[in-house]
$ cat target33.txt   # compact mmCIF, C-alpha atoms
# COMPACT_ATOMS: atom_id res chain seq x y z
CA MET S 931 19.60 25.24 -14.03
CA THR S 932 15.83 25.34 -13.60
CA LYS S 933 13.48 22.55 -12.69
CA PRO S 934 9.74 22.45 -13.46
CA ASN S 935 6.93 22.49 -10.90
CA VAL S 936 9.35 21.93 -8.04
CA PRO S 937 7.83 21.39 -4.56
CA LEU S 938 9.88 23.54 -2.20
CA THR S 939 7.96 23.42 1.06
CA THR S 940 6.82 20.70 3.45
CA GLN S 941 3.19 21.40 2.60
CA GLN S 942 3.80 21.23 -1.16
CA ILE S 943 5.73 17.99 -0.85
CA PHE S 944 3.03 16.45 1.34
CA ASP S 945 0.27 17.59 -1.01
CA ARG S 946 2.02 16.04 -4.00
CA TYR S 947 2.43 12.75 -2.15
CA GLU S 948 -1.30 12.80 -1.50
CA GLU S 949 -1.96 13.48 -5.21
CA VAL S 950 0.04 10.44 -6.27
CA ARG S 951 -1.26 8.26 -3.41
CA PRO S 952 -3.21 5.94 -5.78
CA ARG S 953 0.14 4.81 -7.21
CA LEU S 954 1.50 3.85 -3.79
CA PRO S 955 0.86 0.58 -1.93
CA GLN S 956 -2.46 0.58 -0.10
CA VAL S 957 -2.52 0.23 3.66
CA THR S 958 -4.71 0.95 6.66
CA THR S 959 -3.13 2.01 9.95
CA GLN S 960 -4.62 2.53 13.39
CA PRO S 961 -4.47 5.87 15.31
CA ASN S 962 -2.66 4.35 18.28
CA THR S 963 0.70 6.10 18.09
CA VAL S 964 2.74 6.02 21.30
CA ASN S 965 5.19 8.84 21.95
CA ILE S 966 8.62 7.67 23.14
CA GLN S 967 11.82 9.42 24.16
CA SER S 968 14.33 7.19 22.34
CA LEU S 969 14.51 3.88 20.50
CA LEU S 970 15.94 2.34 23.66
CA ASP S 971 12.39 2.54 25.04
CA ILE S 972 11.23 -0.10 22.56
CA ALA S 973 14.41 -2.13 22.01
CA ASP S 974 12.89 -5.12 23.83
CA GLN S 975 9.99 -5.19 21.33
CA VAL S 976 12.12 -5.03 18.18
CA ASP S 977 14.69 -7.47 16.78
CA ALA S 978 15.76 -5.34 13.81
CA PHE S 979 15.71 -1.58 13.34
CA VAL S 980 15.65 -0.31 9.75
CA PHE S 981 16.64 3.32 9.33
CA ASP S 982 15.89 5.84 6.69
CA ALA S 983 18.97 8.01 6.23
CA PHE S 984 17.98 11.58 5.35
CA GLY S 985 16.14 13.20 8.24
CA VAL S 986 16.89 10.34 10.63
CA LEU S 987 20.64 9.72 10.58
CA ASN S 988 21.75 12.76 8.60
CA VAL S 989 20.58 15.99 7.00
CA GLY S 990 22.51 16.52 3.81
CA GLU S 991 26.17 15.93 4.65
CA THR S 992 25.72 16.46 8.39
CA ARG S 993 25.18 13.62 10.87
CA ILE S 994 22.30 14.20 13.25
CA PRO S 995 23.66 14.46 16.81
CA GLY S 996 23.54 11.19 18.71
CA ALA S 997 22.69 8.99 15.73
CA ASP S 998 26.04 7.18 15.85
CA VAL S 999 25.75 6.52 19.58
CA ARG S 1000 22.21 5.19 19.26
CA LEU S 1001 23.13 2.67 16.56
CA ASP S 1002 25.92 1.30 18.74
CA GLN S 1003 23.62 1.12 21.78
CA LEU S 1004 21.00 -0.84 19.83
CA ARG S 1005 23.62 -3.28 18.58
CA GLU S 1006 24.81 -3.78 22.16
CA ARG S 1007 21.25 -4.77 23.05
CA GLY S 1008 21.27 -7.43 20.34
CA CYS S 1009 19.23 -5.58 17.71
CA ALA S 1010 20.09 -5.97 14.04
CA ILE S 1011 20.65 -2.73 12.14
CA ARG S 1012 19.81 -1.96 8.53
CA ILE S 1013 19.90 1.33 6.63
CA LEU S 1014 17.34 1.49 3.85
CA THR S 1015 17.93 4.52 1.68
CA ASN S 1016 16.21 5.76 -1.46
CA ALA S 1017 19.39 7.58 -2.46
CA ALA S 1018 20.41 6.18 -5.86
CA SER S 1019 22.99 8.76 -6.94
CA TYR S 1020 26.01 6.55 -6.24
CA ASP S 1021 26.86 2.88 -6.49
CA ARG S 1022 27.10 0.56 -3.52
CA SER S 1023 30.70 1.42 -2.71
CA GLY S 1024 29.76 5.11 -2.80
CA ALA S 1025 26.83 4.53 -0.45
CA ILE S 1026 29.04 2.66 2.00
CA ALA S 1027 31.67 5.41 1.85
CA LYS S 1028 29.05 8.12 2.47
CA PHE S 1029 27.81 6.59 5.70
CA LYS S 1030 31.32 6.00 6.97
CA GLN S 1031 32.23 9.61 6.16
CA LEU S 1032 29.29 10.63 8.35
CA GLY S 1033 31.01 8.88 11.24
CA LEU S 1034 28.50 6.04 11.47
CA ARG S 1035 29.79 2.58 12.26
CA VAL S 1036 27.97 0.62 9.60
CA GLU S 1037 28.82 -2.77 8.17
CA ASP S 1038 28.67 -3.13 4.41
CA ASP S 1039 25.87 -5.69 4.53
CA GLU S 1040 23.73 -3.40 6.71
CA ILE S 1041 23.10 -0.98 3.82
CA ILE S 1042 20.28 -1.54 1.31
CA THR S 1043 19.67 1.01 -1.45
CA SER S 1044 16.87 1.62 -3.92
CA ARG S 1045 19.53 1.75 -6.64
CA GLN S 1046 20.26 -1.89 -5.98
CA ALA S 1047 16.58 -2.77 -6.37
CA ALA S 1048 16.25 -0.83 -9.62
CA LEU S 1049 19.39 -2.30 -11.15
CA ASP S 1050 18.14 -5.80 -10.31
CA ALA S 1051 15.09 -5.03 -12.49
CA MET S 1052 17.08 -3.91 -15.54
CA GLY S 1053 16.80 -6.29 -18.46
CA GLU S 1054 18.63 -6.45 -21.75
CA GLY S 1055 18.59 -3.63 -24.26
CA HIS S 1056 19.88 -0.10 -24.66
CA TRP S 1057 19.14 2.04 -21.63
CA GLY S 1058 19.07 5.82 -21.46
CA VAL S 1059 20.48 6.74 -18.02
CA ILE S 1060 19.75 9.89 -16.02
CA ALA S 1061 22.52 10.14 -13.47
CA ALA S 1062 24.74 12.55 -11.61
CA ASP S 1063 27.69 13.76 -13.65
CA ALA S 1064 30.08 12.18 -11.17
CA ASP S 1065 28.45 8.74 -11.40
CA GLN S 1066 30.70 6.42 -13.42
CA LEU S 1067 27.79 3.97 -14.01
CA GLU S 1068 30.17 1.05 -13.50
CA ASP S 1069 27.55 -1.08 -11.74
CA LEU S 1070 24.96 -0.91 -14.53
CA PRO S 1071 24.58 -4.30 -16.20
CA SER S 1072 23.50 -3.38 -19.74
CA THR S 1073 24.31 -1.14 -22.68
CA VAL S 1074 23.75 2.45 -21.53
CA THR S 1075 23.90 6.01 -22.80
CA ARG S 1076 24.01 8.93 -20.37
CA LEU S 1077 21.23 11.37 -21.28
CA THR S 1078 22.19 15.04 -21.44
CA ASP S 1079 21.15 17.75 -23.91
CA THR S 1080 21.49 15.66 -27.08
CA ALA S 1081 17.88 15.37 -28.23
CA ALA S 1082 18.52 12.50 -30.66
CA ASP S 1083 19.67 10.20 -27.86
CA TYR S 1084 16.25 10.18 -26.25
CA ASP S 1085 14.55 8.70 -29.30
CA THR S 1086 17.09 5.91 -29.81
CA MET S 1087 16.82 4.48 -26.29
CA GLU S 1088 14.76 1.33 -25.75
CA GLN S 1089 14.07 2.22 -22.11
CA PHE S 1090 15.12 4.67 -19.42
CA ILE S 1091 16.44 4.51 -15.86
CA PHE S 1092 16.48 7.58 -13.61
CA LEU S 1093 19.15 7.37 -10.90
CA SER S 1094 19.70 10.97 -9.83
CA ALA S 1095 18.19 14.42 -10.33
CA ALA S 1096 21.32 16.21 -9.12
CA ASP S 1097 22.27 17.53 -12.57
CA TRP S 1098 18.88 17.19 -14.31
CA THR S 1099 17.41 20.32 -15.90
CA ALA S 1100 14.02 21.54 -17.04
CA SER S 1101 15.08 21.36 -20.69
CA GLN S 1102 16.23 17.77 -20.28
CA GLN S 1103 12.93 16.87 -18.61
CA GLU S 1104 11.17 18.36 -21.64
CA LEU S 1105 13.28 16.19 -23.96
CA LEU S 1106 12.34 13.10 -21.95
CA GLU S 1107 8.65 13.97 -21.92
CA ALA S 1108 8.65 14.66 -25.68
CA ALA S 1109 10.40 11.36 -26.38
CA MET S 1110 7.81 9.52 -24.27
CA GLN S 1111 5.03 11.27 -26.18
CA ARG S 1112 6.45 10.07 -29.49
CA ASN S 1113 7.17 6.55 -28.26
CA PRO S 1114 6.16 5.53 -24.73
CA ARG S 1115 8.78 3.20 -23.23
CA PRO S 1116 9.60 1.75 -19.82
CA LEU S 1117 11.01 4.25 -17.33
CA LEU S 1118 12.52 2.97 -14.07
CA ILE S 1119 12.72 5.52 -11.23
CA ALA S 1120 15.46 4.34 -8.89
CA ASN S 1121 14.57 6.82 -6.13
CA ALA S 1122 10.87 7.15 -5.41
CA ASP S 1123 11.31 10.20 -3.15
CA LEU S 1124 9.83 13.52 -4.25
CA ALA S 1125 12.32 15.49 -2.14
CA ALA S 1126 15.00 15.07 0.53
CA PRO S 1127 15.96 17.32 3.45
CA ARG S 1128 19.29 19.11 3.02
CA ASP S 1129 21.21 21.60 5.11
CA ASP S 1130 19.64 24.50 3.17
CA GLY S 1131 16.17 23.17 2.35
CA PHE S 1132 14.90 20.35 0.15
CA SER S 1133 16.51 18.80 -2.88
CA VAL S 1134 14.26 17.57 -5.67
CA GLU S 1135 14.57 13.83 -6.21
CA PRO S 1136 13.86 11.49 -9.14
CA GLY S 1137 10.41 10.55 -7.84
CA HIS S 1138 9.24 14.09 -8.53
CA PHE S 1139 10.17 13.87 -12.20
CA GLY S 1140 8.97 10.29 -12.48
CA HIS S 1141 5.50 11.18 -11.28
CA LEU S 1142 5.33 14.00 -13.83
CA ILE S 1143 5.83 11.36 -16.54
CA ALA S 1144 3.48 8.92 -14.78
CA ASP S 1145 0.73 11.57 -14.82
CA THR S 1146 0.56 10.92 -18.58
CA PHE S 1147 2.02 7.40 -18.91
CA PRO S 1148 1.18 5.59 -15.67
CA ASP S 1149 1.65 2.12 -17.18
CA HIS S 1150 5.19 2.84 -18.36
CA VAL S 1151 6.75 4.18 -15.13
CA ARG S 1152 7.96 1.88 -12.38
CA PHE S 1153 9.20 3.22 -9.04
CA PHE S 1154 11.80 1.68 -6.74
CA GLY S 1155 12.61 2.34 -3.12
CA LYS S 1156 10.30 3.06 -0.24
CA PRO S 1157 7.31 2.60 -0.25
CA PHE S 1158 7.54 0.10 -3.12
CA PRO S 1159 8.04 -3.60 -2.35
CA GLU S 1160 11.38 -4.54 -3.92
CA VAL S 1161 13.56 -2.92 -1.25
CA TYR S 1162 11.61 -4.67 1.48
CA ASP S 1163 12.33 -7.98 -0.29
CA LEU S 1164 16.04 -7.15 -0.07
CA ILE S 1165 15.76 -6.36 3.64
CA GLY S 1166 13.77 -9.53 4.23
CA ALA S 1167 16.39 -11.63 2.47
CA SER S 1168 19.03 -10.19 4.81
CA LEU S 1169 16.90 -10.96 7.89
CA PRO S 1170 15.43 -14.35 6.95
CA THR S 1171 14.55 -15.49 10.47
CA THR S 1172 13.19 -12.20 11.82
CA PRO S 1173 9.38 -11.99 12.11
CA MET S 1174 7.96 -9.01 10.26
CA ASN S 1175 6.26 -7.68 13.39
CA ARG S 1176 9.68 -7.59 15.11
CA ILE S 1177 11.13 -5.26 12.45
CA ALA S 1178 10.72 -1.50 12.96
CA MET S 1179 11.18 1.11 10.24
CA CYS S 1180 12.39 4.49 11.50
CA GLY S 1181 11.71 7.34 9.09
CA ASP S 1182 10.67 10.96 8.72
CA THR S 1183 8.26 10.69 5.78
CA LEU S 1184 4.72 9.37 6.02
CA HIS S 1185 4.21 8.32 2.40
CA THR S 1186 7.52 6.49 2.00
CA ASP S 1187 8.87 5.29 5.35
CA ILE S 1188 5.66 4.77 7.32
CA LEU S 1189 3.34 3.70 4.51
CA GLY S 1190 5.74 1.24 2.92
CA ALA S 1191 6.76 -0.45 6.16
CA ALA S 1192 3.18 -0.70 7.42
CA ALA S 1193 2.14 -2.28 4.11
CA ARG S 1194 4.88 -4.86 4.67
CA GLY S 1195 3.64 -5.69 8.16
CA TRP S 1196 6.55 -4.03 9.93
CA ARG S 1197 6.28 -1.78 12.97
CA THR S 1198 6.90 1.92 12.34
CA VAL S 1199 8.58 4.85 14.08
CA LEU S 1200 7.99 8.43 12.87
CA VAL S 1201 11.03 10.66 13.50
CA THR S 1202 9.93 14.30 13.54
CA GLN S 1203 12.66 16.80 14.40
CA ASP S 1204 15.03 16.99 11.45
CA GLY S 1205 13.35 15.67 8.32
CA LEU S 1206 10.35 16.51 6.16
CA PHE S 1207 8.32 17.86 9.10
CA SER S 1208 11.11 19.82 10.77
CA GLY S 1209 9.54 22.85 12.48
CA TYR S 1210 5.98 21.53 12.06
CA ASP S 1211 3.43 19.81 14.24
CA THR S 1212 3.15 16.44 12.52
CA GLN S 1213 -0.35 15.64 13.76
CA PRO S 1214 -2.33 17.55 11.10
CA PHE S 1215 -0.33 15.80 8.37
CA VAL S 1216 -0.73 12.40 10.04
CA ARG S 1217 -4.49 12.81 10.40
CA ARG S 1218 -4.99 14.06 6.85
CA ALA S 1219 -2.98 11.18 5.38
CA GLY S 1220 -4.43 8.62 7.77
CA LEU S 1221 -0.94 7.21 8.19
CA PHE S 1222 -0.30 6.51 11.87
CA ALA S 1223 3.04 5.16 13.08
CA ASP S 1224 3.25 2.74 16.00
CA TRP S 1225 5.66 5.10 17.76
CA SER S 1226 6.77 8.70 17.38
CA LEU S 1227 9.81 10.57 18.70
CA CYS S 1228 11.91 13.63 17.94
CA ARG S 1229 15.25 11.92 17.36
CA ILE S 1230 16.24 8.27 17.53
$ encode --input "target33.txt" --output "structure tokens"
Amino acid sequence: MTKPNVPLTTQQIFDRYEEVRPRLPQVTTQPNTVNIQSLLDIADQVDAFVFDAFGVLNVGETRIPGADVRLDQLRERGCAIRILTNAASYDRSGAIAKFKQLGLRVEDDEIITSRQAALDAMGEGHWGVIAADADQLEDLPSTVTRLTDTAADYDTMEQFIFLSAADWTASQQELLEAAMQRNPRPLLIANADLAAPRDDGFSVEPGHFGHLIADTFPDHVRFFGKPFPEVYDLIGASLPTTPMNRIAMCGDTLHTDILGAAARGWRTVLVTQDGLFSGYDTQPFVRRAGLFADWSLCRI
């Protein structure tokens, strides 16, 4: 299995985010980041903590040490907890099961996924679906066909939704691109991430492939998940009485976690040790992007 133009390093991933920056929400942040030792240092300033998963709570299938304890401690202090993940490879029950398998005590209503936001946007019609082989697609609301290596399927679809890149190949991407060239149609990207930190490096995510299509057909591609607004609407609906400036997003990626939350008016926490910037000094990246979090720490 080969994948085209794949960003494999932190620098390449960051550079690509900067290239596609005009497609992301626009925001201005101030260079006033305060370094803290743990989220307990700011618990009295925050009513709800929203956590990215990969790079903050887990790396691949491994829980980051202390993450489970910290969530419990924040709850004990009266803080609401939400997990906001761009992972769209499994349905809601699968997402809930994953976090519980990690040993995190998480209530079902504390988890918000970009898949949920994308599925809410699906209308009627015949959808071509790009999904992991193991995904049963039982939560999709419309007529769907799983896209594989059958070239004819691509031309008969009225629109496309991209849930997972786990089993997506270079040849299948070429079929999708060729079909869009012949007949541009709506393409929903249910995971806006370019990449995600795993135990052995970075996995390539649907956002990477979506932006390749958007380079040619920007008006036909719609992205879901951080930093795009629909997932923040879902969080807001679950926290209807919480002021936006009392919500803090904790994430490892500047262009998704920090940018999207700042654009929403939330506070932001950049987590540096285990995610996209693991092994790097984050400051050169922060300054180049002009995306400054309110707080920064190694682990939550």
$ closest_residue --input "target33.txt" --among "S:Phe984, S:Phe1215, S:Tyr1084, S:Tyr1162" --to "Trp1196 in chain S" --atoms "all atoms listed in the file"
S:Tyr1162
$ atom_distance --input "target33.txt" --atom1 "CA of Leu1189 in chain S" --atom2 "CA of Ile1143 in chain S"
22.5 Å
$ residues_around --input "target33.txt" --residues "range 1091-1097 of chain S" --least-positions-apart "5" --cutoff "8 Å" --atoms "all atoms listed in the file" --output "JSON, numbers by chain"
{"S": [1018, 1019, 1045, 1057, 1058, 1059, 1060, 1061, 1062, 1063, 1117, 1118, 1119, 1120, 1121, 1134, 1135, 1136]}
$ closest_atom_pairs --input "target33.txt" --of "range 1121-1181 of chain S" --to "range 940-947 of chain S" --cutoff "10 Å" --atoms "all atoms listed in the file" --output "Markdown table"
| residue | atom | partner | partner_atom | distance |
| --- | --- | --- | --- | --- |
| S:Asp1123 | CA | S:Tyr947 | CA | 9.3 |
| S:Leu1124 | CA | S:Ile943 | CA | 7.0 |
| S:Ala1125 | CA | S:Ile943 | CA | 7.2 |
| S:Ala1126 | CA | S:Ile943 | CA | 9.8 |
| S:Pro1127 | CA | S:Thr940 | CA | 9.7 |
| S:Gly1131 | CA | S:Thr940 | CA | 9.7 |
| S:Phe1132 | CA | S:Thr940 | CA | 8.7 |
| S:Val1134 | CA | S:Ile943 | CA | 9.8 |
| S:His1138 | CA | S:Arg946 | CA | 8.7 |
| S:His1141 | CA | S:Arg946 | CA | 9.4 |
$ closest_residue --input "target33.txt" --among "S:Val1161, S:Ala1191, S:Leu987, S:Ile966" --to "Arg1176 in chain S" --atoms "all atoms listed in the file"
S:Ala1191
$ atom_distance --input "target33.txt" --atom1 "CA of Val957 in chain S" --atom2 "CA of Ala1192 in chain S"
6.9 Å
$ atom_distance --input "target33.txt" --atom1 "CA of Phe981 in chain S" --atom2 "CA of Asn962 in chain S"
21.3 Å
$ closest_residue --input "target33.txt" --among "S:Glu1088, S:Asp1021, S:Asp1182, S:Glu1006" --to "Ile1230 in chain S" --atoms "only C-alpha atoms"
S:Asp1182
$ closest_residue --input "target33.txt" --among "S:Cys1228, S:Leu938, S:Ala1193, S:Ala1100" --to "Thr959 in chain S" --atoms "all atoms listed in the file"
S:Ala1193
$ residues_around --input "target33.txt" --residues "Leu1169 in chain S" --least-positions-apart "6" --cutoff "12 Å" --atoms "all atoms listed in the file" --output "ChimeraX atom specification"
/S:977-980,1009-1012,1039-1040,1042,1162-1163,1176-1177
$ decode --input "target33.txt" --residues "range 965-1021 of chain S" --atoms "C-alpha atoms" --output "mmCIF file, in the first residue's frame"
data_model
loop_
_atom_site.group_PDB
_atom_site.id
_atom_site.type_symbol
_atom_site.label_atom_id
_atom_site.label_comp_id
_atom_site.auth_asym_id
_atom_site.auth_seq_id
_atom_site.Cartn_x
_atom_site.Cartn_y
_atom_site.Cartn_z
ATOM 1 C CA ASN S 965 3.987 28.051 31.115
ATOM 2 C CA ILE S 966 2.314 25.842 33.731
ATOM 3 C CA GLN S 967 3.183 22.536 35.371
ATOM 4 C CA SER S 968 -0.243 20.873 35.225
ATOM 5 C CA LEU S 969 -3.870 21.695 34.483
ATOM 6 C CA LEU S 970 -4.475 21.853 38.222
ATOM 7 C CA ASP S 971 -2.640 25.190 38.111
ATOM 8 C CA ILE S 972 -5.491 26.750 36.129
ATOM 9 C CA ALA S 973 -8.488 24.713 37.315
ATOM 10 C CA ASP S 974 -9.905 27.737 39.148
ATOM 11 C CA GLN S 975 -9.969 29.717 35.867
ATOM 12 C CA VAL S 976 -11.714 27.046 33.784
ATOM 13 C CA ASP S 977 -15.182 25.510 34.086
ATOM 14 C CA ALA S 978 -14.802 22.969 31.274
ATOM 15 C CA PHE S 979 -11.700 21.298 29.886
ATOM 16 C CA VAL S 980 -11.928 19.969 26.327
ATOM 17 C CA PHE S 981 -9.262 17.447 25.396
ATOM 18 C CA ASP S 982 -7.829 16.406 22.112
ATOM 19 C CA ALA S 983 -7.108 12.682 22.274
ATOM 20 C CA PHE S 984 -4.021 11.813 20.220
ATOM 21 C CA GLY S 985 -0.927 13.410 21.732
ATOM 22 C CA VAL S 986 -2.758 14.541 24.873
ATOM 23 C CA LEU S 987 -4.528 11.519 26.353
ATOM 24 C CA ASN S 988 -2.990 8.784 24.217
ATOM 25 C CA VAL S 989 -0.409 8.049 21.539
ATOM 26 C CA GLY S 990 -1.780 5.380 19.247
ATOM 27 C CA GLU S 991 -3.159 2.641 21.487
ATOM 28 C CA THR S 992 -1.140 3.692 24.544
ATOM 29 C CA ARG S 993 -2.501 5.957 27.291
ATOM 30 C CA ILE S 994 -0.170 8.788 28.214
ATOM 31 C CA PRO S 995 0.965 8.323 31.837
ATOM 32 C CA GLY S 996 -1.122 10.275 34.322
ATOM 33 C CA ALA S 997 -3.884 11.247 31.898
ATOM 34 C CA ASP S 998 -6.492 9.129 33.687
ATOM 35 C CA VAL S 999 -5.560 10.538 37.088
ATOM 36 C CA ARG S 1000 -5.694 14.125 35.851
ATOM 37 C CA LEU S 1001 -9.201 13.762 34.403
ATOM 38 C CA ASP S 1002 -10.459 12.428 37.724
ATOM 39 C CA GLN S 1003 -8.734 15.224 39.652
ATOM 40 C CA LEU S 1004 -10.318 17.888 37.443
ATOM 41 C CA ARG S 1005 -13.754 16.350 37.904
ATOM 42 C CA GLU S 1006 -13.220 16.371 41.665
ATOM 43 C CA ARG S 1007 -12.598 20.112 41.411
ATOM 44 C CA GLY S 1008 -15.938 20.588 39.665
ATOM 45 C CA CYS S 1009 -14.662 20.966 36.103
ATOM 46 C CA ALA S 1010 -16.663 19.521 33.222
ATOM 47 C CA ILE S 1011 -14.747 17.195 30.909
ATOM 48 C CA ARG S 1012 -15.169 16.751 27.171
ATOM 49 C CA ILE S 1013 -13.057 14.815 24.670
ATOM 50 C CA LEU S 1014 -13.143 16.331 21.200
ATOM 51 C CA THR S 1015 -11.515 14.012 18.702
ATOM 52 C CA ASN S 1016 -11.072 14.242 14.948
ATOM 53 C CA ALA S 1017 -10.897 10.451 14.756
ATOM 54 C CA ALA S 1018 -13.724 9.358 12.438
ATOM 55 C CA SER S 1019 -12.725 5.751 11.757
ATOM 56 C CA TYR S 1020 -15.351 4.224 14.050
ATOM 57 C CA ASP S 1021 -18.906 4.991 15.069
#
